[in-house]
$ cat upload_31.txt   # compact mmCIF, C-alpha atoms
# COMPACT_ATOMS: atom_id res chain seq x y z
CA MET A 1 3.87 5.08 -1.48
CA GLN A 2 5.82 8.28 -1.04
CA PRO A 3 9.38 7.75 0.21
CA THR A 4 9.44 8.07 3.98
CA GLN A 5 12.26 9.90 5.79
CA PHE A 6 13.00 11.74 2.56
CA SER A 7 15.75 13.97 3.94
CA SER A 8 19.23 12.60 3.38
CA GLY A 9 20.68 14.51 6.31
CA ASP A 10 22.89 16.47 3.89
CA VAL A 11 21.66 19.95 3.00
CA ILE A 12 23.31 20.04 -0.42
CA ALA A 13 22.03 16.59 -1.38
CA ASP A 14 18.52 17.57 -0.27
CA ARG A 15 18.68 20.77 -2.34
CA ARG A 16 19.71 18.85 -5.44
CA ALA A 17 16.93 16.36 -4.85
CA ASP A 18 14.43 19.23 -4.61
CA TYR A 19 15.64 20.65 -7.94
CA ALA A 20 15.45 17.16 -9.44
CA ARG A 21 11.84 16.83 -8.29
CA MET A 22 10.93 20.13 -9.96
CA LEU A 23 12.55 19.00 -13.21
CA ALA A 24 10.75 15.66 -13.06
CA GLU A 25 7.41 17.39 -12.50
CA ASN A 26 8.10 19.30 -15.75
CA GLY A 27 8.84 16.05 -17.57
CA GLU A 28 12.61 16.63 -17.71
CA HIS A 29 13.50 13.20 -16.36
CA GLU A 30 17.03 12.91 -17.80
CA ALA A 31 18.02 16.18 -16.15
CA ALA A 32 16.40 14.98 -12.92
CA VAL A 33 18.48 11.79 -13.10
CA GLU A 34 21.68 13.82 -13.40
CA LEU A 35 20.86 15.90 -10.34
CA MET A 36 19.92 12.82 -8.30
CA GLU A 37 23.23 11.21 -9.31
CA GLN A 38 25.00 14.25 -7.87
CA ALA A 39 22.97 13.97 -4.67
CA LEU A 40 23.76 10.26 -4.34
CA GLU A 41 27.47 10.93 -4.78
CA LEU A 42 27.21 12.84 -1.49
CA VAL A 43 24.97 10.26 0.28
CA PRO A 44 25.27 6.93 -1.59
CA ASP A 45 23.39 4.97 1.10
CA TRP A 46 20.24 7.14 1.06
CA PRO A 47 17.29 4.71 0.55
CA ALA A 48 14.66 7.34 -0.31
CA GLY A 49 17.11 8.95 -2.73
CA LEU A 50 17.75 5.63 -4.46
CA VAL A 51 14.07 4.89 -4.95
CA THR A 52 13.49 8.40 -6.31
CA PHE A 53 16.49 8.08 -8.64
CA ALA A 54 15.18 4.73 -9.91
CA ASP A 55 11.77 6.27 -10.63
CA TYR A 56 13.28 9.14 -12.64
CA ALA A 57 15.66 6.78 -14.47
CA GLU A 58 12.81 4.49 -15.50
CA LYS A 59 10.80 7.44 -16.82
CA ALA A 60 13.89 8.60 -18.75
CA SER A 61 14.19 5.08 -20.26
CA LEU A 62 17.50 4.59 -18.44
CA VAL A 63 16.41 1.14 -17.30
CA GLU A 64 19.85 -0.21 -16.38
CA LYS A 65 20.45 2.73 -14.06
CA ALA A 66 17.07 2.13 -12.43
CA ILE A 67 17.88 -1.55 -11.94
CA LEU A 68 21.27 -0.83 -10.35
CA ALA A 69 19.70 1.66 -7.94
CA LEU A 70 16.96 -0.78 -6.92
CA ARG A 71 19.48 -3.58 -6.34
CA ARG A 72 21.51 -1.23 -4.17
CA LEU A 73 18.32 -0.36 -2.28
CA LEU A 74 17.63 -4.04 -1.60
CA ASP A 75 21.17 -4.48 -0.27
CA LEU A 76 20.61 -1.60 2.14
CA ASP A 77 17.08 -2.63 3.15
CA PRO A 78 16.50 -6.42 3.03
CA GLU A 79 12.99 -5.94 4.49
CA ASP A 80 12.23 -3.95 1.31
CA LEU A 81 10.22 -1.05 2.71
CA PHE A 82 9.99 0.57 -0.74
CA GLY A 83 8.98 -2.53 -2.74
CA ALA A 84 12.23 -2.64 -4.74
CA GLN A 85 11.75 -6.32 -5.55
CA LEU A 86 8.36 -5.62 -7.10
CA LYS A 87 9.79 -2.75 -9.14
CA LEU A 88 12.65 -4.95 -10.35
CA ALA A 89 10.11 -7.56 -11.45
CA LEU A 90 8.22 -4.96 -13.48
CA LEU A 91 11.50 -3.98 -15.15
CA GLY A 92 12.13 -7.62 -16.07
CA ALA A 93 15.15 -7.89 -13.79
CA GLU A 94 13.58 -10.35 -11.31
CA GLU A 95 10.91 -13.03 -11.33
CA VAL A 96 7.51 -11.85 -10.13
CA PRO A 97 7.40 -12.88 -6.45
CA ASP A 98 4.54 -15.00 -5.15
CA GLN A 99 4.04 -12.46 -2.37
CA PRO A 100 5.08 -8.83 -1.87
CA PRO A 101 7.31 -7.90 1.07
CA SER A 102 5.10 -7.64 4.16
CA ARG A 103 7.03 -4.59 5.36
CA TYR A 104 6.27 -2.78 2.10
CA VAL A 105 2.51 -3.47 2.35
CA GLU A 106 2.45 -2.54 6.03
CA ALA A 107 4.25 0.77 5.42
CA LEU A 108 2.04 1.52 2.42
CA PHE A 109 -1.15 1.33 4.46
CA ASP A 110 0.29 2.88 7.62
CA ASP A 111 1.08 5.90 5.44
CA TYR A 112 -2.33 5.79 3.71
CA ALA A 113 -4.58 5.32 6.76
CA ASP A 114 -5.47 8.96 7.46
CA ARG A 115 -6.70 9.60 3.91
CA PHE A 116 -7.86 6.10 2.97
CA ASP A 117 -11.63 6.55 3.17
CA ALA A 118 -11.64 9.89 1.37
CA ALA A 119 -9.24 8.72 -1.33
CA LEU A 120 -11.02 5.46 -2.14
CA VAL A 121 -14.67 6.31 -1.67
CA GLU A 122 -14.82 9.97 -2.65
CA ARG A 123 -12.16 10.19 -5.38
CA LEU A 124 -11.73 6.67 -6.77
CA GLY A 125 -15.35 5.50 -6.80
CA TYR A 126 -14.60 2.53 -4.56
CA ALA A 127 -17.72 0.52 -3.70
CA VAL A 128 -16.46 -3.06 -3.19
CA PRO A 129 -17.55 -3.37 0.49
CA ALA A 130 -21.12 -2.39 -0.35
CA GLU A 131 -21.18 -4.62 -3.43
CA LEU A 132 -19.86 -7.62 -1.48
CA ALA A 133 -22.42 -7.04 1.27
CA GLN A 134 -25.17 -6.93 -1.37
CA LEU A 135 -23.89 -10.16 -2.94
CA ILE A 136 -24.02 -11.86 0.47
CA ALA A 137 -27.51 -10.53 1.21
CA GLU A 138 -28.85 -11.76 -2.13
CA HIS A 139 -27.60 -15.28 -1.45
CA ALA A 140 -28.02 -15.54 2.33
CA ASP A 141 -30.43 -13.11 3.93
CA ARG A 142 -29.61 -14.20 7.46
CA HIS A 143 -27.71 -13.31 10.61
CA PHE A 144 -24.08 -14.42 11.05
CA GLU A 145 -22.60 -15.50 14.37
CA ILE A 146 -18.87 -14.81 13.79
CA VAL A 147 -17.40 -12.88 10.86
CA ALA A 148 -13.67 -12.49 10.13
CA ASP A 149 -12.98 -9.38 8.04
CA LEU A 150 -9.52 -10.02 6.58
CA GLY A 151 -7.63 -6.89 5.61
CA CYS A 152 -10.36 -4.88 7.31
CA GLY A 153 -8.61 -1.55 6.74
CA THR A 154 -10.56 1.31 8.25
CA GLY A 155 -13.72 -0.79 8.54
CA LEU A 156 -15.59 -0.06 5.32
CA PHE A 157 -16.92 -3.62 5.00
CA GLY A 158 -17.58 -3.79 8.74
CA ALA A 159 -19.95 -0.84 8.42
CA GLU A 160 -21.89 -2.68 5.70
CA ILE A 161 -22.31 -5.95 7.64
CA ARG A 162 -22.37 -4.95 11.33
CA ASP A 163 -26.14 -5.09 11.79
CA ARG A 164 -26.22 -8.72 10.60
CA VAL A 165 -23.41 -10.03 12.82
CA THR A 166 -23.17 -11.15 16.46
CA ARG A 167 -19.37 -10.99 16.64
CA LEU A 168 -17.30 -9.04 14.10
CA GLU A 169 -13.53 -9.62 14.03
CA GLY A 170 -11.22 -7.38 12.00
CA PHE A 171 -7.65 -8.23 11.02
CA ASP A 172 -5.10 -6.08 9.20
CA LEU A 173 -1.35 -5.82 8.70
CA SER A 174 -1.37 -2.05 9.33
CA VAL A 175 -1.69 -0.82 12.91
CA ASN A 176 -2.68 2.63 11.65
CA MET A 177 -5.57 1.11 9.70
CA LEU A 178 -6.64 -0.83 12.77
CA ALA A 179 -6.61 2.38 14.80
CA LYS A 180 -8.92 4.02 12.26
CA ALA A 181 -11.24 1.02 12.36
CA GLU A 182 -11.31 1.14 16.15
CA GLU A 183 -12.50 4.76 16.04
CA LYS A 184 -15.68 3.60 14.28
CA GLY A 185 -16.67 1.26 17.12
CA LEU A 186 -17.81 -1.51 14.79
CA TYR A 187 -15.64 -4.47 15.73
CA ASP A 188 -15.69 -6.81 18.72
CA LEU A 189 -12.03 -7.67 18.05
CA LEU A 190 -9.31 -5.91 16.08
CA ALA A 191 -5.90 -7.53 15.70
CA LYS A 192 -2.81 -7.39 13.54
CA SER A 193 -2.39 -10.23 11.05
CA ASP A 194 -0.29 -11.19 8.04
CA LEU A 195 -2.05 -13.23 5.35
CA SER A 196 1.27 -14.24 3.81
CA LEU A 197 2.24 -16.32 6.87
CA ASP A 198 1.21 -19.82 7.91
CA PRO A 199 -1.73 -20.27 10.32
CA PRO A 200 0.34 -20.18 13.56
CA GLY A 201 2.17 -17.02 12.43
CA SER A 202 -0.75 -15.26 10.77
CA GLY A 203 -2.28 -13.75 13.92
CA LEU A 204 -5.72 -15.15 13.07
CA PHE A 205 -5.57 -17.82 15.78
CA ASP A 206 -3.73 -16.02 18.58
CA ASP A 207 -4.98 -15.85 22.18
CA GLY A 208 -7.15 -18.95 21.91
CA LEU A 209 -9.05 -17.94 18.77
CA ALA A 210 -10.37 -21.25 17.44
CA GLU A 211 -10.10 -22.72 13.99
CA GLY A 212 -13.44 -23.33 12.24
CA ARG A 213 -15.17 -20.55 14.16
CA CYS A 214 -16.52 -18.35 11.36
CA ASP A 215 -19.67 -18.58 9.30
CA LEU A 216 -18.59 -15.65 7.09
CA ILE A 217 -15.12 -14.55 5.99
CA SER A 218 -14.53 -11.42 3.92
CA ALA A 219 -11.53 -10.01 2.08
CA ALA A 220 -12.48 -6.75 0.38
CA ASP A 221 -9.70 -5.23 -1.73
CA VAL A 222 -6.89 -7.09 0.06
CA LEU A 223 -5.99 -10.06 -2.17
CA MET A 224 -4.47 -7.73 -4.79
CA TYR A 225 -1.66 -7.22 -2.29
CA LEU A 226 -0.92 -10.94 -2.45
CA GLY A 227 0.30 -12.94 -5.42
CA ASP A 228 -0.37 -16.66 -5.25
CA LEU A 229 -3.58 -17.05 -3.22
CA ALA A 230 -2.75 -20.53 -1.87
CA ASN A 231 -1.74 -19.34 1.60
CA ALA A 232 -4.53 -16.79 2.04
CA PHE A 233 -7.14 -19.36 1.05
CA THR A 234 -5.60 -21.92 3.39
CA LEU A 235 -6.15 -19.41 6.19
CA ALA A 236 -9.74 -18.84 5.08
CA GLY A 237 -10.29 -22.60 5.08
CA ARG A 238 -8.94 -22.85 8.63
CA LEU A 239 -11.29 -20.08 9.77
CA ALA A 240 -14.41 -21.47 8.11
CA LYS A 241 -16.93 -23.79 9.69
CA PRO A 242 -18.79 -26.17 7.31
CA GLY A 243 -21.11 -24.18 5.08
CA ALA A 244 -19.42 -20.86 5.87
CA LEU A 245 -19.42 -18.16 3.18
CA PHE A 246 -16.26 -16.54 1.83
CA ALA A 247 -16.77 -13.17 0.09
CA PHE A 248 -13.86 -11.39 -1.56
CA SER A 249 -12.63 -9.31 -4.49
CA VAL A 250 -9.67 -9.59 -6.85
CA GLU A 251 -8.40 -7.48 -9.72
CA ASP A 252 -9.14 -9.28 -12.99
CA ALA A 253 -6.07 -10.56 -14.88
CA GLY A 254 -8.21 -11.79 -17.77
CA LYS A 255 -7.63 -15.14 -19.42
CA GLY A 256 -5.02 -17.62 -18.23
CA ASP A 257 -4.35 -19.66 -15.15
CA GLY A 258 -2.22 -17.56 -12.83
CA PHE A 259 -1.66 -14.02 -11.62
CA LEU A 260 0.31 -11.00 -12.77
CA LEU A 261 1.94 -7.93 -11.25
CA ALA A 262 0.44 -4.68 -12.55
CA PRO A 263 2.30 -1.35 -12.92
CA SER A 264 0.40 -0.22 -9.80
CA LEU A 265 2.47 -2.85 -7.88
CA ARG A 266 -0.80 -4.66 -7.14
CA TYR A 267 -1.51 -8.20 -8.27
CA ALA A 268 -4.31 -9.22 -10.62
CA HIS A 269 -5.66 -12.78 -10.65
CA THR A 270 -7.32 -14.93 -13.26
CA GLU A 271 -10.65 -16.57 -12.56
CA GLN A 272 -9.01 -19.97 -13.07
CA HIS A 273 -6.33 -19.30 -10.43
CA VAL A 274 -8.98 -18.25 -7.93
CA ARG A 275 -11.16 -21.27 -8.64
CA GLN A 276 -8.21 -23.65 -8.33
CA ARG A 277 -7.06 -22.25 -4.99
CA LEU A 278 -10.62 -22.26 -3.64
CA ALA A 279 -11.15 -25.89 -4.61
CA GLU A 280 -7.85 -26.90 -3.01
CA ASN A 281 -9.09 -25.48 0.27
CA GLY A 282 -12.60 -26.91 0.27
CA PHE A 283 -14.61 -24.04 -1.22
CA ASP A 284 -17.19 -24.06 -4.01
CA VAL A 285 -17.91 -20.91 -6.00
CA LEU A 286 -21.54 -19.86 -5.56
CA ILE A 287 -21.56 -16.54 -7.41
CA LEU A 288 -19.05 -14.38 -9.25
CA THR A 289 -19.59 -11.03 -10.89
CA ARG A 290 -17.27 -8.81 -12.90
CA THR A 291 -17.29 -5.13 -12.08
CA THR A 292 -15.23 -1.93 -11.98
CA ILE A 293 -13.75 -1.92 -8.51
CA ARG A 294 -12.16 1.56 -8.56
CA MET A 295 -10.66 4.22 -10.78
CA ASP A 296 -6.88 4.60 -11.06
CA GLY A 297 -5.31 7.49 -12.96
CA GLY A 298 -8.69 8.20 -14.51
CA GLU A 299 -8.98 4.65 -15.86
CA PRO A 300 -11.27 1.89 -14.56
CA VAL A 301 -9.73 -1.06 -12.71
CA PHE A 302 -11.67 -4.20 -13.52
CA GLY A 303 -12.24 -6.83 -10.87
CA ILE A 304 -14.18 -9.93 -9.92
CA LEU A 305 -16.33 -10.34 -6.82
CA PHE A 306 -16.63 -13.91 -5.54
CA LEU A 307 -18.95 -15.58 -3.08
CA ALA A 308 -17.88 -19.12 -2.17
CA SER A 309 -19.07 -21.70 0.33
CA ARG A 310 -17.07 -24.13 2.51
CA ILE A 311 -17.91 -27.71 1.58
CA GLY A 312 -19.01 -30.15 4.29
$ encode --input "upload_31.txt" --output "C-alpha cells"
Amino acid sequence: MQPTQFSSGDVIADRRADYARMLAENGEHEAAVELMEQALELVPDWPAGLVTFADYAEKASLVEKAILALRRLLDLDPEDLFGAQLKLALLGAEEVPDQPPSRYVEALFDDYADRFDAALVERLGYAVPAELAQLIAEHADRHFEIVADLGCGTGLFGAEIRDRVTRLEGFDLSVNMLAKAEEKGLYDLLAKSDLSLDPPGSGLFDDGLAEGRCDLISAADVLMYLGDLANAFTLAGRLAKPGALFAFSVEDAGKGDGFLLAPSLRYAHTEQHVRQRLAENGFDVLILTRTTIRMDGGEPVFGILFLASRIG
C-alpha cells in the first residue's frame, strides 16, 4: 500500500522527502534515510513520513531505526492503517499476530479497487476464481440456491459462478471493492463484513440473514489476509447448511502445522493448519490441489485450492 495523505503539510519537509525518494529509487538508501530524518525533525508526527523512513532504513540495514519509527507510528495510529505491527513482526521485533489490523486491510483494498482487476488478471496471471469454479463444477455439477462469496472483491468469482446460482451474496471489508462489484450487476446482495470478528460482529448475519442458509461458500484469495483461520472457518461453519461446499484458496506455507507471515505482508498457511481448522468446524476435505495462484515481483506464488464439505 502506498502511504496515503503523503504530504506533511510542511513544504520543506515535503521537498526533503521528495529528494529522499529519488535517492531511494537509485538505491542510495542510507542517504535517503538521512534526508527523511531531516524531514521528520520538522514534522515528527507525520505517519506517512515515518512509514517511508522505516522502509528506507530497513533497506539500508538500519533495522533499529526502522523499528523505532514503526513503534512511533503505532503510538500515533493505534488502528494501524499502515500495517506497522506486521512490519515489526517481519523485523523480529514483535510476535506474528494471529490477524492483521482490519483498518490496514480495508485501506489496502480501498486504495487498490480501481486497478484490482487489471493488476491481478492482466499483469499477475491471477486465475484462482476460475480454477475454484472449475473445481466445484468437477465435483458438483449442479445449481446452488444460496452462495456466500466471502471477500468478494470486485466480483471475479461471482462472474464465474453466477449462472449456477439462485441467490449470490457478496461480502467484503472494502466499500470501494463492493462498489466495483456492484457495477457488474452480478450479486443479489452486497454488504460489508469483517472475517476477523465473531459471528454477531462479522456482518454476515445482519438484517435477518439466517445461519445455515448457504449451500456454497467461497473465499478466493482472501484468507491470506488472515492469520489463524479458526475464526474465518467458524463463520463458514455458521453459514453452511448440512452438505454445503466450501471452496477457497490459501498461499502454501509448506510443511508444518501453522501459518507464517510473508515479506508481502500476506499470510501463508500449511495444509495441516487448514485441515485442523476445517475439522474443528465440521468440514471434510473433498479435494485439494496445489497451483501457482499469481506472480509477485516476477516470481510465482504457490498456493493450495481446497474444496470441503459440511458434515451432517
$ residues_around --input "upload_31.txt" --residues "range 152-167 of chain A" --least-positions-apart "3" --cutoff "9 Å" --atoms "all atoms listed in the file" --output "number ranges by chain"
A: 109, 113, 116-117, 128-130, 132-134, 142-149, 170-174, 176-184, 186-190, 218-220, 222
$ residues_around --input "upload_31.txt" --residues "range 62-65 of chain A" --least-positions-apart "2" --cutoff "12 Å" --atoms "all atoms listed in the file" --output "ChimeraX atom specification"
/A:29-34,36-37,50-60,67-72,87-88,90-93
$ residues_around --input "upload_31.txt" --residues "range 249-262 of chain A" --least-positions-apart "5" --cutoff "10 Å" --atoms "only C-alpha atoms" --output "JSON, numbers by chain"
{"A": [86, 87, 89, 90, 96, 97, 98, 100, 128, 129, 131, 132, 218, 219, 220, 221, 222, 223, 224, 225, 226, 227, 228, 229, 267, 268, 269, 270, 271, 272, 273, 274, 275, 276, 288, 289, 290, 291, 292, 293, 294, 301, 302, 303, 304, 305, 306, 307]}
$ closest_residue --input "upload_31.txt" --among "A:Leu42, A:Leu239, A:Ala232, A:Cys214" --to "Asp198 in chain A" --atoms "all atoms listed in the file"
A:Ala232
$ atom_distance --input "upload_31.txt" --atom1 "CA of Arg21 in chain A" --atom2 "CA of Gly9 in chain A"
17.2 Å
$ atom_distance --input "upload_31.txt" --atom1 "CA of Phe246 in chain A" --atom2 "CA of Pro300 in chain A"
25.2 Å
$ residues_around --input "upload_31.txt" --residues "Asp80 in chain A" --least-positions-apart "2" --cutoff "12 Å" --atoms "only C-alpha atoms" --output "number ranges by chain"
A: 47-48, 51, 70-78, 82-88, 100-108
$ atom_distance --input "upload_31.txt" --atom1 "CA of Glu211 in chain A" --atom2 "CA of Arg238 in chain A"
5.5 Å
$ residues_around --input "upload_31.txt" --residues "Ala230 in chain A" --least-positions-apart "3" --cutoff "8 Å" --atoms "all atoms listed in the file" --output "PyMOL selection string"
chain A and resi 233-234+277
$ residues_near_point --input "upload_31.txt" --point "(18.8, 19.5, 0.1)" --cutoff "12 Å" --atoms "only C-alpha atoms" --output "mmCIF file with C-alpha atoms, in the coordinates of the input"
data_model
loop_
_atom_site.group_PDB
_atom_site.id
_atom_site.type_symbol
_atom_site.label_atom_id
_atom_site.label_comp_id
_atom_site.auth_asym_id
_atom_site.auth_seq_id
_atom_site.Cartn_x
_atom_site.Cartn_y
_atom_site.Cartn_z
ATOM 1 C CA PHE A 6 13.000 11.740 2.560
ATOM 2 C CA SER A 7 15.750 13.970 3.940
ATOM 3 C CA SER A 8 19.230 12.600 3.380
ATOM 4 C CA GLY A 9 20.680 14.510 6.310
ATOM 5 C CA ASP A 10 22.890 16.470 3.890
ATOM 6 C CA VAL A 11 21.660 19.950 3.000
ATOM 7 C CA ILE A 12 23.310 20.040 -0.420
ATOM 8 C CA ALA A 13 22.030 16.590 -1.380
ATOM 9 C CA ASP A 14 18.520 17.570 -0.270
ATOM 10 C CA ARG A 15 18.680 20.770 -2.340
ATOM 11 C CA ARG A 16 19.710 18.850 -5.440
ATOM 12 C CA ALA A 17 16.930 16.360 -4.850
ATOM 13 C CA ASP A 18 14.430 19.230 -4.610
ATOM 14 C CA TYR A 19 15.640 20.650 -7.940
ATOM 15 C CA ALA A 20 15.450 17.160 -9.440
ATOM 16 C CA ARG A 21 11.840 16.830 -8.290
ATOM 17 C CA LEU A 35 20.860 15.900 -10.340
ATOM 18 C CA MET A 36 19.920 12.820 -8.300
ATOM 19 C CA GLN A 38 25.000 14.250 -7.870
ATOM 20 C CA ALA A 39 22.970 13.970 -4.670
ATOM 21 C CA LEU A 40 23.760 10.260 -4.340
ATOM 22 C CA LEU A 42 27.210 12.840 -1.490
ATOM 23 C CA VAL A 43 24.970 10.260 0.280
ATOM 24 C CA GLY A 49 17.110 8.950 -2.730
#
$ decode --input "upload_31.txt" --residues "range 232-283 of chain A" --atoms "C-alpha atoms" --output "PDB file, in the first residue's frame"
ATOM      1  CA  ALA A 232     -12.982 -17.401   9.475  1.00  0.00           C
ATOM      2  CA  PHE A 233     -13.820 -21.106   9.410  1.00  0.00           C
ATOM      3  CA  THR A 234     -16.200 -20.688  12.345  1.00  0.00           C
ATOM      4  CA  LEU A 235     -18.052 -18.124  10.233  1.00  0.00           C
ATOM      5  CA  ALA A 236     -18.103 -20.501   7.266  1.00  0.00           C
ATOM      6  CA  GLY A 237     -19.497 -23.221   9.519  1.00  0.00           C
ATOM      7  CA  ARG A 238     -22.261 -20.892  10.714  1.00  0.00           C
ATOM      8  CA  LEU A 239     -23.171 -20.048   7.111  1.00  0.00           C
ATOM      9  CA  ALA A 240     -23.209 -23.627   5.842  1.00  0.00           C
ATOM     10  CA  LYS A 241     -26.203 -25.922   5.716  1.00  0.00           C
ATOM     11  CA  PRO A 242     -25.501 -29.684   6.029  1.00  0.00           C
ATOM     12  CA  GLY A 243     -23.673 -30.895   2.941  1.00  0.00           C
ATOM     13  CA  ALA A 244     -22.723 -27.375   1.822  1.00  0.00           C
ATOM     14  CA  LEU A 245     -19.488 -26.923  -0.123  1.00  0.00           C
ATOM     15  CA  PHE A 246     -16.694 -24.574   0.960  1.00  0.00           C
ATOM     16  CA  ALA A 247     -14.246 -23.574  -1.799  1.00  0.00           C
ATOM     17  CA  PHE A 248     -11.229 -21.413  -1.015  1.00  0.00           C
ATOM     18  CA  SER A 249      -7.558 -20.705  -1.644  1.00  0.00           C
ATOM     19  CA  VAL A 250      -4.552 -20.165   0.614  1.00  0.00           C
ATOM     20  CA  GLU A 251      -0.907 -19.381  -0.021  1.00  0.00           C
ATOM     21  CA  ASP A 252       1.150 -22.502   0.668  1.00  0.00           C
ATOM     22  CA  ALA A 253       3.459 -22.303   3.716  1.00  0.00           C
ATOM     23  CA  GLY A 254       4.893 -25.750   3.014  1.00  0.00           C
ATOM     24  CA  LYS A 255       5.467 -28.291   5.757  1.00  0.00           C
ATOM     25  CA  GLY A 256       4.500 -27.693   9.371  1.00  0.00           C
ATOM     26  CA  ASP A 257       1.351 -27.135  11.338  1.00  0.00           C
ATOM     27  CA  GLY A 258       0.694 -23.409  11.420  1.00  0.00           C
ATOM     28  CA  PHE A 259       0.956 -20.256   9.340  1.00  0.00           C
ATOM     29  CA  LEU A 260       3.604 -17.660   8.592  1.00  0.00           C
ATOM     30  CA  LEU A 261       3.800 -14.002   7.622  1.00  0.00           C
ATOM     31  CA  ALA A 262       5.484 -13.475   4.250  1.00  0.00           C
ATOM     32  CA  PRO A 263       7.517 -10.387   3.227  1.00  0.00           C
ATOM     33  CA  SER A 264       4.481  -9.385   1.130  1.00  0.00           C
ATOM     34  CA  LEU A 265       2.630  -8.884   4.478  1.00  0.00           C
ATOM     35  CA  ARG A 266       0.294 -11.699   3.446  1.00  0.00           C
ATOM     36  CA  TYR A 267      -0.083 -14.910   5.413  1.00  0.00           C
ATOM     37  CA  ALA A 268       0.710 -18.381   4.101  1.00  0.00           C
ATOM     38  CA  HIS A 269      -0.864 -21.482   5.644  1.00  0.00           C
ATOM     39  CA  THR A 270       0.196 -25.086   5.934  1.00  0.00           C
ATOM     40  CA  GLU A 271      -2.086 -27.855   4.734  1.00  0.00           C
ATOM     41  CA  GLN A 272      -2.168 -29.230   8.280  1.00  0.00           C
ATOM     42  CA  HIS A 273      -3.374 -25.926   9.758  1.00  0.00           C
ATOM     43  CA  VAL A 274      -6.152 -25.725   7.172  1.00  0.00           C
ATOM     44  CA  ARG A 275      -7.232 -29.321   7.741  1.00  0.00           C
ATOM     45  CA  GLN A 276      -7.268 -28.861  11.513  1.00  0.00           C
ATOM     46  CA  ARG A 277      -9.385 -25.707  11.409  1.00  0.00           C
ATOM     47  CA  LEU A 278     -11.785 -27.275   8.902  1.00  0.00           C
ATOM     48  CA  ALA A 279     -12.275 -30.363  11.065  1.00  0.00           C
ATOM     49  CA  GLU A 280     -12.896 -28.220  14.149  1.00  0.00           C
ATOM     50  CA  ASN A 281     -15.765 -26.547  12.320  1.00  0.00           C
ATOM     51  CA  GLY A 282     -17.415 -29.623  10.831  1.00  0.00           C
ATOM     52  CA  PHE A 283     -15.856 -29.738   7.361  1.00  0.00           C
TER      53      PHE A 283
END
